[in-house]
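Step one of this worksheet: look at the structure below.
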Amino acid sequence: MNAPRARVARRPVHGVLLLDKPLGWSSNDALQKVKWLLRAEKAGHTGTLDPLATGVLPLCFGAATKFSQLQLDADKTYEAVARLGIKTSTGDAEGEVLQTREVNVSEQDLQGVAPQFTGPIRQIPPMHSALKKDGKALYEYARAGLVVEREAREVTIHALNMTLTQADQAQPAINMIVKCSKGTYIRTLGEDVGEALGCGAHLSALRRIETGGFTVAQSVTLEALEAMSEAERLNCLMPVESLLGEHTVVTLDSENAGRFLSGVRRRGGWSDDEKVAVYGESPHALLGTAHTKGGELIPGRLLSPIEIEQILAGVATSAPSTEFEKI
């Protein structure tokens, strides 16, 4: 008989880790692996990155999970390779070949179609996606051999750079750099560009190089994490407030900080602002997010007193203590 596996002693961990997600891993599998490596109690990712894609995937731990939606809504930048002349059932290299066509594409042709795919555009979500219809992910229908009707959705391509290259076996392809809004399907974009060029295309490579201001250059690989000591892994974490870089900072004294943490609005000379990060003055600590309207500071997502104390302690594990619990 095999000896039973020892249980991992979980602990509170707070912060953001930028993972360079490896090829073939789902976002959730990568999250669970890093959560296990950190022995973290609570974790979440910031939107799905396809198993066939690599690149920056912000992982949130502890208090940071309260602000993960901000990254989900953020703009993203991708590098992709679209192989020309071959259309597949999934829009990527995993699918069955549905059609092959001759390729006769020039750089001028690329520049000619680029304006069609820049700015606000409409996309029909692919069947092989996690988008849900009637409570089921589209890929579940696709695996059952079903095609269901999908409504086109508006997304925004902020910038699109395309150049001709060659894929495997000297097959013509396009290198694409795409800066886009949330909800953009790069597979669909590659397919649509291929159709506009008259030859069809499918995505053969995809890498996310930036999301919400975080870049792949800041990221750590899973292999590197596994080789680190526990202390080194914790040092890879960025603070919770790194998710709030575009927020206006408001600092409250002890009395107002305590009331704010209780969910009570505060009055002051603030101008209207949808994105506010609120800190306590003494001790200096992130309390949560808010928005200001009509001179009022209106609480949004708040940290708990225990979370604040653990973050102030600067260690992964901390016994709940004093000051903010007394407010």
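Letters for chains follow the order of the structure tokens (A, B, ...), residue numbers begin at 1 for each chain, and ligand numbers begin at 1 in the order shown.
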Alpha helix (DSSP H) residues, from DSSP on the backbone, in region 17-104 of chain A, as an NGL selection string: :A and (27-38 or 68-72)
Take the residues from that selection and write them out as a tab-separated table (two decimals), in the first residue's frame, keeping N, CA and C atoms.
```tsv
chain	number	residue	atom	x	y	z
A	27	SER	N	-5.68	27.78	-16.91
A	27	SER	CA	-5.42	28.83	-15.91
A	27	SER	C	-5.68	28.32	-14.51
A	28	ASN	N	-6.73	27.49	-14.35
A	28	ASN	CA	-7.04	26.99	-13.01
A	28	ASN	C	-6.01	25.98	-12.53
A	29	ASP	N	-5.52	25.13	-13.44
A	29	ASP	CA	-4.49	24.18	-13.03
A	29	ASP	C	-3.23	24.91	-12.57
A	30	ALA	N	-2.86	25.97	-13.30
A	30	ALA	CA	-1.68	26.76	-12.93
A	30	ALA	C	-1.90	27.43	-11.58
A	31	LEU	N	-3.11	27.96	-11.37
A	31	LEU	CA	-3.43	28.60	-10.09
A	31	LEU	C	-3.31	27.60	-8.94
A	32	GLN	N	-3.89	26.42	-9.11
A	32	GLN	CA	-3.87	25.43	-8.03
A	32	GLN	C	-2.45	24.98	-7.71
A	33	LYS	N	-1.61	24.90	-8.74
A	33	LYS	CA	-0.22	24.51	-8.51
A	33	LYS	C	0.51	25.58	-7.69
A	34	VAL	N	0.34	26.84	-8.06
A	34	VAL	CA	1.02	27.92	-7.33
A	34	VAL	C	0.44	28.06	-5.93
A	35	LYS	N	-0.86	27.89	-5.81
A	35	LYS	CA	-1.49	27.93	-4.47
A	35	LYS	C	-0.89	26.86	-3.57
A	36	TRP	N	-0.65	25.68	-4.13
A	36	TRP	CA	-0.03	24.59	-3.36
A	36	TRP	C	1.41	24.94	-3.00
A	37	LEU	N	2.16	25.53	-3.94
A	37	LEU	CA	3.56	25.89	-3.67
A	37	LEU	C	3.67	26.94	-2.57
A	38	LEU	N	2.70	27.85	-2.51
A	38	LEU	CA	2.72	28.90	-1.49
A	38	LEU	C	2.01	28.49	-0.20
A	68	SER	N	-9.63	41.28	-7.87
A	68	SER	CA	-9.24	40.59	-9.11
A	68	SER	C	-10.09	41.03	-10.30
A	69	GLN	N	-11.32	41.48	-10.06
A	69	GLN	CA	-12.19	41.92	-11.16
A	69	GLN	C	-11.56	43.08	-11.93
A	70	LEU	N	-10.75	43.89	-11.26
A	70	LEU	CA	-10.11	45.01	-11.93
A	70	LEU	C	-9.21	44.54	-13.06
A	71	GLN	N	-8.50	43.43	-12.83
A	71	GLN	CA	-7.65	42.87	-13.88
A	71	GLN	C	-8.47	42.17	-14.95
A	72	LEU	N	-9.58	41.57	-14.55
A	72	LEU	CA	-10.46	40.92	-15.51
A	72	LEU	C	-10.97	41.95	-16.53
```
Quick one: residues within 9 Å of Leu297 (chain A), only C-alpha atoms, excluding same-chain residues fewer than 2 positions away - as a tab-separated table (two decimals) with N, CA and C atoms, in the first residue's frame?
```tsv
chain	number	residue	atom	x	y	z
A	260	PHE	N	-14.92	53.98	8.26
A	260	PHE	CA	-14.93	53.55	6.86
A	260	PHE	C	-14.90	52.03	6.78
A	264	VAL	N	-19.21	52.76	6.74
A	264	VAL	CA	-19.88	54.06	6.89
A	264	VAL	C	-19.26	55.08	5.94
A	265	ARG	N	-20.11	55.82	5.25
A	265	ARG	CA	-19.61	56.86	4.35
A	265	ARG	C	-18.96	57.98	5.14
A	266	ARG	N	-17.94	58.58	4.54
A	266	ARG	CA	-17.28	59.72	5.17
A	266	ARG	C	-17.47	60.95	4.30
A	267	ARG	N	-17.53	62.12	4.93
A	267	ARG	CA	-17.69	63.37	4.19
A	267	ARG	C	-16.37	64.12	4.17
A	268	GLY	N	-16.10	64.78	3.02
A	268	GLY	CA	-14.86	65.54	2.87
A	268	GLY	C	-14.92	66.39	1.62
A	270	TRP	N	-13.79	65.93	-1.35
A	270	TRP	CA	-13.34	65.14	-2.49
A	270	TRP	C	-14.18	65.43	-3.73
A	276	VAL	N	-11.07	54.94	-6.27
A	276	VAL	CA	-10.35	55.48	-5.11
A	276	VAL	C	-9.80	54.32	-4.29
A	290	ALA	N	-13.12	52.54	-2.89
A	290	ALA	CA	-14.32	53.36	-2.71
A	290	ALA	C	-14.53	54.17	-3.98
A	291	HIS	N	-15.63	54.94	-4.00
A	291	HIS	CA	-15.77	56.00	-4.99
A	291	HIS	C	-16.29	57.23	-4.27
A	292	THR	N	-16.00	58.39	-4.84
A	292	THR	CA	-16.44	59.64	-4.22
A	292	THR	C	-17.49	60.29	-5.10
A	293	LYS	N	-18.51	60.80	-4.44
A	293	LYS	CA	-19.60	61.49	-5.15
A	293	LYS	C	-20.24	62.50	-4.21
A	294	GLY	N	-20.37	63.73	-4.68
A	294	GLY	CA	-20.99	64.77	-3.87
A	294	GLY	C	-20.28	65.01	-2.56
A	295	GLY	N	-18.95	64.86	-2.56
A	295	GLY	CA	-18.17	65.08	-1.35
A	295	GLY	C	-18.19	63.94	-0.36
A	299	PRO	N	-17.79	53.51	0.59
A	299	PRO	CA	-17.01	52.26	0.60
A	299	PRO	C	-17.40	51.31	-0.52
```
Between CA of Gly47 (chain A) and CA of Gln310 (chain A), distance in Å (one decimal): 26.4 Å
Could you list, with a cut-off of 10 Å and counting only C-alpha atoms, the residues of region 41-109 of chain A near region 214-217 of chain A, each shown with its nearest atom pair and the distance in Å rounded to one decimal, rows sorted by chain and ascending number, as a tab-separated table?
```
residue	atom	partner	partner_atom	distance
A:Thr54	CA	A:Val216	CA	9.6
A:Gly55	CA	A:Val216	CA	6.0
A:Val56	CA	A:Val216	CA	4.8
A:Leu57	CA	A:Val216	CA	8.4
A:Pro58	CA	A:Phe214	CA	8.0
A:Gln71	CA	A:Phe214	CA	9.5
A:Lys76	CA	A:Phe214	CA	9.3
A:Thr77	CA	A:Thr215	CA	9.1
```
Write the residues of the preceding selection, restricted to N, CA and C atoms, as an mmCIF file, in the first residue's frame.
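The resulting file, again.cif, is shown below:
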```cif
data_model
loop_
_atom_site.group_PDB
_atom_site.id
_atom_site.type_symbol
_atom_site.label_atom_id
_atom_site.label_comp_id
_atom_site.auth_asym_id
_atom_site.auth_seq_id
_atom_site.Cartn_x
_atom_site.Cartn_y
_atom_site.Cartn_z
ATOM 1 N N THR A 54 0.411 31.030 -23.736
ATOM 2 C CA THR A 54 1.357 31.259 -22.651
ATOM 3 C C THR A 54 1.303 32.738 -22.286
ATOM 4 N N GLY A 55 2.064 33.102 -21.243
ATOM 5 C CA GLY A 55 2.187 34.525 -20.933
ATOM 6 C C GLY A 55 1.664 34.913 -19.578
ATOM 7 N N VAL A 56 1.601 36.206 -19.368
ATOM 8 C CA VAL A 56 1.361 36.755 -18.038
ATOM 9 C C VAL A 56 -0.061 36.458 -17.564
ATOM 10 N N LEU A 57 -0.137 35.840 -16.378
ATOM 11 C CA LEU A 57 -1.403 35.526 -15.721
ATOM 12 C C LEU A 57 -1.299 35.982 -14.270
ATOM 13 N N PRO A 58 -1.916 37.121 -13.920
ATOM 14 C CA PRO A 58 -1.871 37.560 -12.522
ATOM 15 C C PRO A 58 -2.690 36.621 -11.632
ATOM 16 N N GLN A 71 -8.500 43.425 -12.832
ATOM 17 C CA GLN A 71 -7.648 42.871 -13.878
ATOM 18 C C GLN A 71 -8.473 42.166 -14.951
ATOM 19 N N LYS A 76 -5.651 44.148 -22.603
ATOM 20 C CA LYS A 76 -4.592 43.145 -22.730
ATOM 21 C C LYS A 76 -3.815 43.348 -24.026
ATOM 22 N N THR A 77 -2.585 42.829 -24.047
ATOM 23 C CA THR A 77 -1.779 42.830 -25.265
ATOM 24 C C THR A 77 -1.280 41.419 -25.529
#
```
DSSP-assigned strand (DSSP E) among region 153-286 of chain A, expressed as an MDAnalysis selection string: chainID A and resid 153:166 172:180 201:211 214:215 220:221 248:252 266:267 273:280 285:286
CA of Glu223 (chain A) to CA of Leu19 (chain A), distance in Å rounded to a single decimal: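 Value for the CA of Glu223 (chain A)-CA of Leu19 (chain A) distance: 10.4 Å.
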Residues within 7 Å of Leu303 (chain A), only C-alpha atoms, excluding chain neighbours under 5 positions, as number ranges by chain: A: 63, 287-288, 308
Based on the selection just made, write C-alpha atoms of those residues as a PDB file, in the first residue's frame.
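That gives us out.pdb:
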```
ATOM      1  CA  ALA A  63      -7.042  40.024   0.270  1.00  0.00           C
ATOM      2  CA  LEU A 287      -8.310  49.606   3.840  1.00  0.00           C
ATOM      3  CA  GLY A 288     -10.107  49.007   0.558  1.00  0.00           C
ATOM      4  CA  ILE A 308      -4.987  44.274   7.471  1.00  0.00           C
TER       5      ILE A 308
END
```
Residues within 8 Å of region 170-173 of chain A, only C-alpha atoms, excluding chain neighbours under 4 positions, as a ChimeraX atom specification: /A:81-85,103,164-166
Pairwise distance for CA of Ser254 (chain A) and CA of Val278 (chain A), rounded to one decimal in Å: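 Distance reported for this atom pair: 12.3 Å.
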